[in-house]
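Everything on this sheet refers to the single structure shown next.
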Amino acid sequence: MTGEKIFTRNFHLTDSHTLRVYRETGGYTALGKALAMEPAAITEEVKKSNLRGLGGAAFPTGVKWGFIPKGSTAPKYLVINADEGEPGTFKDRYLLERDPHALIEGMVIAARAIDSRLGFVYIRGEYVQPWRVVSAAVKEAYAAGLLGKNIQGSGFDFDVVIHRGAGAYICGEETGLLSSLEGKKGWPKIKPPFPAVKGAFGHPTIVNNVETIAAVPHIINRGAEWFAGLGTKTQGGTRLYSVSGHVARPGVVEAPVSVTLRSLIYDHCGGIRGGRRLKAVVPGGSSAPILTADEIDVTMDADGLKGAGSMIGSAGVIVFDETVSIPEALMVVARFYAHESCGQCTPCRESTGWIYKMAHRIVDGKGRKEDLDTILDVAKRGAGTTICAFYDGAVGPYVSYIEKFREEFEALMRSASGA
Amino acid sequence: MSDARNPEFTSEQLGEVRRLQSLYPDKRGALLPVLHLAQDTFGYVSLEVEEYVGGLFDLAPTHVHEVVTFYTMFFQRPKGRHVVSVCHNLTCHLLGAKTIIDHLKERLGIDVGETTADGRITLQTVECLCACEQAPMLQADDRYEGLLTPDKVDRILEGLR
């Protein structure tokens, strides 16, 4: 498929991760431009571009930057969320390994906009190769005067620290990530205060996803209007979709945010493998409510999927063919949320554990007649009662799998009881 | 000799600890990086290692313990020379993770969570490692290995000596 390529434009080049190749393809020209701009003008440009957070929450990036208290003399931190962990998502791994300088250039520009002198890249601990590649790129950037003191003679100083996580999905939640960065267990914090006011080490902090920040140099170079024009009225740009499961060609796909789910599956990824039929799709990582085969004529922007009763999340698209057992899939997903609940809030800690047990016994043929309604009741009661969005993310699959495929659950339970 | 029961960093490693601590506005920020260093050095994070690392951060051992036990990558008991972590999350499940896990259990003669008697390999299942385009996949020590078949798993095991 043709179309504008921003994030993936260099992926095919040999040594695309090096400073040399990044510069040969126009890299770090946006930085010079941004360093000559007023910080507020950078934020304004990002606002106008309709760039929205590409990690999960889809919050407008420029608006988030604007939450840093005006005139604050406290240190301010920029933290990059490279704790990619949402099941079905792998696009940040590609960016970290194949275009780390786009992230670094975007970081310096963002830091300039929010007046930060210190940034962190929080990379999930299992991502050893991405950590090595990004660390090498940061070293190159320091040696070339693109990080550190007096960047390109501008008088602006900015340092970057690469931080490795140690295995915990919850650290992808921005306040959990900050707790972890501070050397604690990754417990999310109550908001407000929001990180922009009181974040890492108690100071104003902006947390942005890798892909979000990698978009920034392109916006500065080519203008907010260009970027906004690639998308819908409420979200600009292209983005990366991680497509996996039963498609013929799984992988990272770059497409405008207005692409339809049907087009992603059938045009970009070759349709369903083995000539089988589509059964269902999880459109935005495992926390996104499932869509059935006849619900895929939906645009993949944040508002399009919201309108379809699901969410874009991290844009991890997991495709199920007709052979998939939905009860088994629910058990796998429920096991994940039970394992990853941080245990801080009672509704989440208790419900994720018990719902996994119920899903497990349904699959084992020992389900009780009331189990489905109990899961729905427990799930819905807990939604919105916890410190962070983790439990709401678990409720997405619990409720949608059962409500959309209830007959399949009931048939399984009937056959198990011999009725 | 320094080990997990009697841990002590070399003076060079202590210099690295101080360098890591200096990178953060509060030195405690370096706790996870230093715990990684400790595990790489001593093999696993024993209670003695927790106490030793706590001393480097002016933290009570209990505070280190609650961090160590929160994260999946820190081993609190001796592990094998190699660790094989198989993803059993959604996409890998759809594409046959169970076959891969059963094959590994049979080949190694151990259950998930166990280490072979010769101390060569620890087998564990893990949640999504975010390489779903290569499902089913596993992590062998630092490396991601995907598009697994039983034959490919055998070749990977041969490389782990």
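Identifiers for the structure tokens are assigned positionally: chains receive A, B, ... in sequence, residues are indexed from 1 per chain, and ligands are indexed from 1 in the order shown.
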Notebook entry, point to check: Got a sec: who's within 9 Å of Ala329 of chain A, counting only C-alpha atoms, leaving out chain neighbours fewer than 3 positions off, as a count of residues only?
Noted result: 10
Margin query: Quick one: residues within 12 Å of Ser22 of chain B, only C-alpha atoms, excluding same-chain residues fewer than 6 positions away - as an MDAnalysis selection string?
Written below: (chainID A and resid 161) or (chainID B and resid 15:16 28:31 57)
Checklist line | Contact residues around Asp102 of chain B with only C-alpha atoms at 12 Å, ignoring same-chain residues under 4 positions, as a list of chain:residue names | finding: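 Contacts, in chain order: B:Val86, B:His88, B:Gly96, B:Ala97, B:Lys98, B:Glu106, B:Arg107, B:Leu108, B:Gly109, B:Ile110, B:Asp111, B:Val112, B:Leu123, B:Gln124, B:Thr125, B:Thr149, B:Pro150, B:Val153.
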Note to self: Using only C-alpha atoms, I'd like every residue of chain A that has an atom within 6 Å of chain B; please write them out as a count of residues only.
What the structure shows: 16
Next item on the list: Would you please extract all helix (DSSP H, G or I) residues from segment 217-307 of chain A, as assigned by DSSP on the backbone, and give them as a PyMOL selection string?
Entry: chain A and resi 217-222+224-229+261-268+273-275+293-295+302-307
Notebook entry, point to check: Which neighbours of segment 95-106 of chain A fall inside 10 Å, counting only C-alpha atoms, when residues of the same chain fewer than 5 positions from it are skipped, and could you give them as an MDAnalysis selection string?
Noted result: chainID A and resid 7:19 21:23 27:31 80 82 90 111:112 119 121 123 127 129:138 140:141 146:147 160 209:220 240
